[in-house]
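*Asks:* Structure provided below as structure tokens; questions to follow.
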Amino acid sequence: MNIVKVKNYDEMSNKACQVLVDRMNKVNNPVLGLATGSTPEGLYKELIKTSRKGDVSFKHTTTFNLDEYIGLSKSNANSYHYYMKNHLFQYIDVNMDNVHVPKGDVLDIKKECQEYEKSIRSHGNIDLQILGLGANGHIGFNEPGTSFNSRTHIVDLAESTRQANARFFDSYNDVPEQAITMGIETILESKEIIVLVSGNKKAEALSRLVNGKISEDFPASVLKEHIHVTVIADEAALSAM
Ligand code: F6R
């Protein structure tokens with residue numbers, strides 16, 4: 001696991017954008033794995049700027065998002081479909097037919113999980129996956145205790161995750177209790193992974209990721225088994241090392 005140390009959130013976002021654009025320009029039909037949450041917002045702003053300058057095009061890019069809440073429709077402002085449209089997709093030249101976010105509002109969620117897996121495979125797996133880090137070590141919505149062999153599946157969200165995400169909702173009770181997420185094994189099949197970590201709220205988690213042992217109690221720890229992972233972390237996130 002390679003660790004890139006940067007000063008602050010803006011530098012982290014810039015660095016991530018540079019790496020992503022570099023990789024996108026090296027393959028013909030890049031397949032990106034994308035995350036939501038606060039951490040990648042700066043990266044998406046940088047990507048929009050870069051694409052406006054003409055330095056990158058998403059015309060031949062396919063994207064797969066990590067996760068989605070169960071029960072929220074695409075038009076719900078708290079859904080990850082909405083987040084992605086609002087923070088990235090509406091500003092770039094991506095073909096919306098090539099954009100994939102798990103559907104959390106279909107009747108047969110299990111079938112949706114299987115189809116999501118099939119779709120990722122049929123694209124030859126993800127070239128570059130962007131991850132944020134949950135304070136409890138979750139990646140995607142794979143909470144502590146999730147099997148390292150998991151594929152795309154339904155999860156019961158941990159109370160701490162619902163509390164952490166309540167800031168986006170009117171109240172804690174409005175945060176869905178379940179989500180659909182790429183599994184840990186699915187994530188590990190990505191050819192390259194970038195983990196973005198910013199702020200002192202993530203400092204303990206980052207220290208555990210770097211210094212702790214590999215255990216299903218701390219899902220992100222599995223990333224140490226992957227051959228091509230880069231963590232881009234700012235000073236505040238690195239403060240507990
Ligand atoms: C989001 C996701 C989550 C977040 C994590 C950190 O798609 O999969 O694992 O990356 O919860 O969230 P933020 O960035 O809001 O601190």
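Going by the structure tokens order, chains are called A, B, ..., each with residues numbered from 1, while ligands are numbered from 1 in the order shown.
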Produce as a ChimeraX atom specification the set of residues near ligand 1, where near means within 10 Å with only C-alpha atoms and all ligand atoms considered.
*Replies:* /A:33-41,65-69,80,83-84,130-143,161-162,164-165,167-168,181-182,195-199,201-202,220
*Asks:* Can you pull out every residue from region 42-236 of chain A that DSSP, working from the backbone, puts in alpha helix (DSSP H), and format the result as JSON, numbers by chain?
*Replies:* {"A": [42, 43, 44, 45, 46, 47, 48, 49, 50, 51, 52, 80, 81, 82, 83, 84, 85, 86, 87, 109, 110, 111, 112, 113, 114, 115, 116, 117, 118, 119, 120, 121, 122, 159, 160, 161, 162, 163, 164, 165, 184, 185, 186, 187, 188, 203, 204, 205, 206, 207, 208, 209, 210, 211]}
*Asks:* Go through region 85-213 of chain A and collect every residue that DSSP, computed from the backbone, puts in strand (DSSP E or B); the answer should be as a PyMOL selection string.
*Replies:* chain A and resi 99-100+128-132+139+142+153-156+178-181+192-197
*Asks:* Hey, can you spit out that residue selection with N, CA and C atoms as a PDB file, in the first residue's frame?
*Replies:*
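So again_34.pdb came out as:
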```pdb
ATOM      1  N   VAL A  99     -23.274   4.654 -17.360  1.00  0.00           N
ATOM      2  CA  VAL A  99     -23.192   4.964 -15.932  1.00  0.00           C
ATOM      3  C   VAL A  99     -23.998   3.929 -15.152  1.00  0.00           C
ATOM      4  N   HIS A 100     -23.374   3.373 -14.112  1.00  0.00           N
ATOM      5  CA  HIS A 100     -24.067   2.344 -13.326  1.00  0.00           C
ATOM      6  C   HIS A 100     -24.020   2.705 -11.849  1.00  0.00           C
ATOM      7  N   LEU A 128      -9.959   1.468 -12.252  1.00  0.00           N
ATOM      8  CA  LEU A 128      -9.530   2.301 -11.122  1.00  0.00           C
ATOM      9  C   LEU A 128     -10.731   2.566 -10.217  1.00  0.00           C
ATOM     10  N   GLN A 129     -10.606   2.127  -8.976  1.00  0.00           N
ATOM     11  CA  GLN A 129     -11.698   2.303  -8.004  1.00  0.00           C
ATOM     12  C   GLN A 129     -11.316   3.403  -7.005  1.00  0.00           C
ATOM     13  N   ILE A 130     -12.198   4.367  -6.833  1.00  0.00           N
ATOM     14  CA  ILE A 130     -12.021   5.400  -5.803  1.00  0.00           C
ATOM     15  C   ILE A 130     -12.772   4.959  -4.554  1.00  0.00           C
ATOM     16  N   LEU A 131     -12.109   5.041  -3.401  1.00  0.00           N
ATOM     17  CA  LEU A 131     -12.768   4.702  -2.134  1.00  0.00           C
ATOM     18  C   LEU A 131     -12.627   5.835  -1.137  1.00  0.00           C
ATOM     19  N   GLY A 132     -13.660   6.023  -0.307  1.00  0.00           N
ATOM     20  CA  GLY A 132     -13.517   6.822   0.905  1.00  0.00           C
ATOM     21  C   GLY A 132     -13.350   5.815   2.035  1.00  0.00           C
ATOM     22  N   ILE A 139     -15.677   0.089   3.825  1.00  0.00           N
ATOM     23  CA  ILE A 139     -15.397   0.503   2.447  1.00  0.00           C
ATOM     24  C   ILE A 139     -16.642   0.138   1.644  1.00  0.00           C
ATOM     25  N   ASN A 142     -19.627  -1.872   3.221  1.00  0.00           N
ATOM     26  CA  ASN A 142     -19.262  -3.129   3.869  1.00  0.00           C
ATOM     27  C   ASN A 142     -18.839  -2.821   5.296  1.00  0.00           C
ATOM     28  N   HIS A 153     -24.093  -7.048  -2.423  1.00  0.00           N
ATOM     29  CA  HIS A 153     -25.080  -7.614  -1.499  1.00  0.00           C
ATOM     30  C   HIS A 153     -25.861  -6.518  -0.759  1.00  0.00           C
ATOM     31  N   ILE A 154     -26.846  -6.991  -0.001  1.00  0.00           N
ATOM     32  CA  ILE A 154     -27.677  -6.076   0.805  1.00  0.00           C
ATOM     33  C   ILE A 154     -27.040  -5.985   2.192  1.00  0.00           C
ATOM     34  N   VAL A 155     -26.956  -4.771   2.745  1.00  0.00           N
ATOM     35  CA  VAL A 155     -26.382  -4.635   4.096  1.00  0.00           C
ATOM     36  C   VAL A 155     -27.336  -3.918   5.028  1.00  0.00           C
ATOM     37  N   ASP A 156     -27.249  -4.287   6.310  1.00  0.00           N
ATOM     38  CA  ASP A 156     -27.894  -3.503   7.367  1.00  0.00           C
ATOM     39  C   ASP A 156     -26.840  -2.489   7.792  1.00  0.00           C
ATOM     40  N   GLN A 178     -30.997   0.148   5.366  1.00  0.00           N
ATOM     41  CA  GLN A 178     -30.284  -0.827   4.529  1.00  0.00           C
ATOM     42  C   GLN A 178     -29.724  -0.166   3.265  1.00  0.00           C
ATOM     43  N   ALA A 179     -28.738  -0.822   2.705  1.00  0.00           N
ATOM     44  CA  ALA A 179     -28.158  -0.338   1.451  1.00  0.00           C
ATOM     45  C   ALA A 179     -27.751  -1.543   0.610  1.00  0.00           C
ATOM     46  N   ILE A 180     -27.464  -1.253  -0.648  1.00  0.00           N
ATOM     47  CA  ILE A 180     -26.900  -2.267  -1.542  1.00  0.00           C
ATOM     48  C   ILE A 180     -25.464  -1.812  -1.785  1.00  0.00           C
ATOM     49  N   THR A 181     -24.521  -2.727  -1.690  1.00  0.00           N
ATOM     50  CA  THR A 181     -23.116  -2.336  -1.865  1.00  0.00           C
ATOM     51  C   THR A 181     -22.331  -3.375  -2.648  1.00  0.00           C
ATOM     52  N   GLU A 192      -6.780  -1.257  -9.876  1.00  0.00           N
ATOM     53  CA  GLU A 192      -6.075  -0.270  -9.045  1.00  0.00           C
ATOM     54  C   GLU A 192      -7.098   0.396  -8.128  1.00  0.00           C
ATOM     55  N   ILE A 193      -6.647   0.746  -6.923  1.00  0.00           N
ATOM     56  CA  ILE A 193      -7.570   1.367  -5.955  1.00  0.00           C
ATOM     57  C   ILE A 193      -6.916   2.613  -5.362  1.00  0.00           C
ATOM     58  N   ILE A 194      -7.690   3.677  -5.280  1.00  0.00           N
ATOM     59  CA  ILE A 194      -7.216   4.890  -4.602  1.00  0.00           C
ATOM     60  C   ILE A 194      -8.128   5.150  -3.420  1.00  0.00           C
ATOM     61  N   VAL A 195      -7.539   5.282  -2.238  1.00  0.00           N
ATOM     62  CA  VAL A 195      -8.324   5.567  -1.039  1.00  0.00           C
ATOM     63  C   VAL A 195      -8.063   7.012  -0.648  1.00  0.00           C
ATOM     64  N   LEU A 196      -9.135   7.793  -0.536  1.00  0.00           N
ATOM     65  CA  LEU A 196      -8.992   9.200  -0.162  1.00  0.00           C
ATOM     66  C   LEU A 196      -9.345   9.356   1.311  1.00  0.00           C
ATOM     67  N   VAL A 197      -8.458  10.016   2.056  1.00  0.00           N
ATOM     68  CA  VAL A 197      -8.719  10.181   3.495  1.00  0.00           C
ATOM     69  C   VAL A 197      -8.366  11.609   3.897  1.00  0.00           C
TER      70      VAL A 197
END
```
*Asks:* Please provide as a PDB file with C-alpha atoms, in the first residue's frame all residues within 12 Å of Gln163 (chain A), with the sequence filter that same-chain residues fewer than 3 positions apart are discarded (counting only C-alpha atoms).
*Replies:*
```pdb
ATOM      1  CA  GLY A 134     -15.590   4.973   6.977  1.00  0.00           C
ATOM      2  CA  ALA A 135     -14.617   5.935  10.542  1.00  0.00           C
ATOM      3  CA  ASN A 136     -15.355   2.301  11.483  1.00  0.00           C
ATOM      4  CA  LEU A 157     -26.156  -0.196   8.009  1.00  0.00           C
ATOM      5  CA  ALA A 158     -24.289   0.144  11.312  1.00  0.00           C
ATOM      6  CA  GLU A 159     -25.791   2.661  13.718  1.00  0.00           C
ATOM      7  CA  SER A 160     -22.529   4.658  13.615  1.00  0.00           C
ATOM      8  CA  ALA A 166     -27.564  11.765   9.199  1.00  0.00           C
ATOM      9  CA  ARG A 167     -26.000  15.154   8.369  1.00  0.00           C
ATOM     10  CA  PHE A 168     -27.350  14.797   4.827  1.00  0.00           C
ATOM     11  CA  PHE A 169     -30.925  13.992   5.966  1.00  0.00           C
ATOM     12  CA  ASP A 170     -33.603  15.924   7.897  1.00  0.00           C
ATOM     13  CA  SER A 171     -33.156  13.587  10.858  1.00  0.00           C
ATOM     14  CA  TYR A 172     -31.420  10.367  11.905  1.00  0.00           C
ATOM     15  CA  ASN A 173     -34.693   8.472  11.514  1.00  0.00           C
ATOM     16  CA  ASP A 174     -34.808   9.403   7.840  1.00  0.00           C
ATOM     17  CA  VAL A 175     -31.516   7.610   7.117  1.00  0.00           C
ATOM     18  CA  PRO A 176     -32.363   4.288   5.447  1.00  0.00           C
ATOM     19  CA  GLU A 177     -31.512   1.181   7.475  1.00  0.00           C
TER      20      GLU A 177
END
```
*Asks:* Can you work out the spacing between CA of Asp108 (chain A) and CA of Thr152 (chain A) in Å, to one decimal?
*Replies:*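 The value is 13.6 Å.
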*Asks:* For Ser239 (chain A), find every residue with an atom within 10 Å (counting only C-alpha atoms), except residues of its own chain fewer than 6 positions away, and show them as a list in words.
*Replies:*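 With the cut-off at 10 Å, the set is Gly199, Asn200, Lys202, Ala203, Glu204, Leu206 and Ser207 of chain A.
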*Asks:* So how far away is CA of Lys118 (chain A) from CA of Gln90 (chain A), in Å?
*Replies:*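 Value for the CA of Gln90 (chain A)-CA of Lys118 (chain A) distance: 26.1 Å.
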*Asks:* As an exercise, work out the distance from CA of Val106 (chain A) to CA of Lys85 (chain A) in Å and give it to one decimal place.
*Replies:*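 Rounded to one decimal, the two atoms are 19.2 Å apart.
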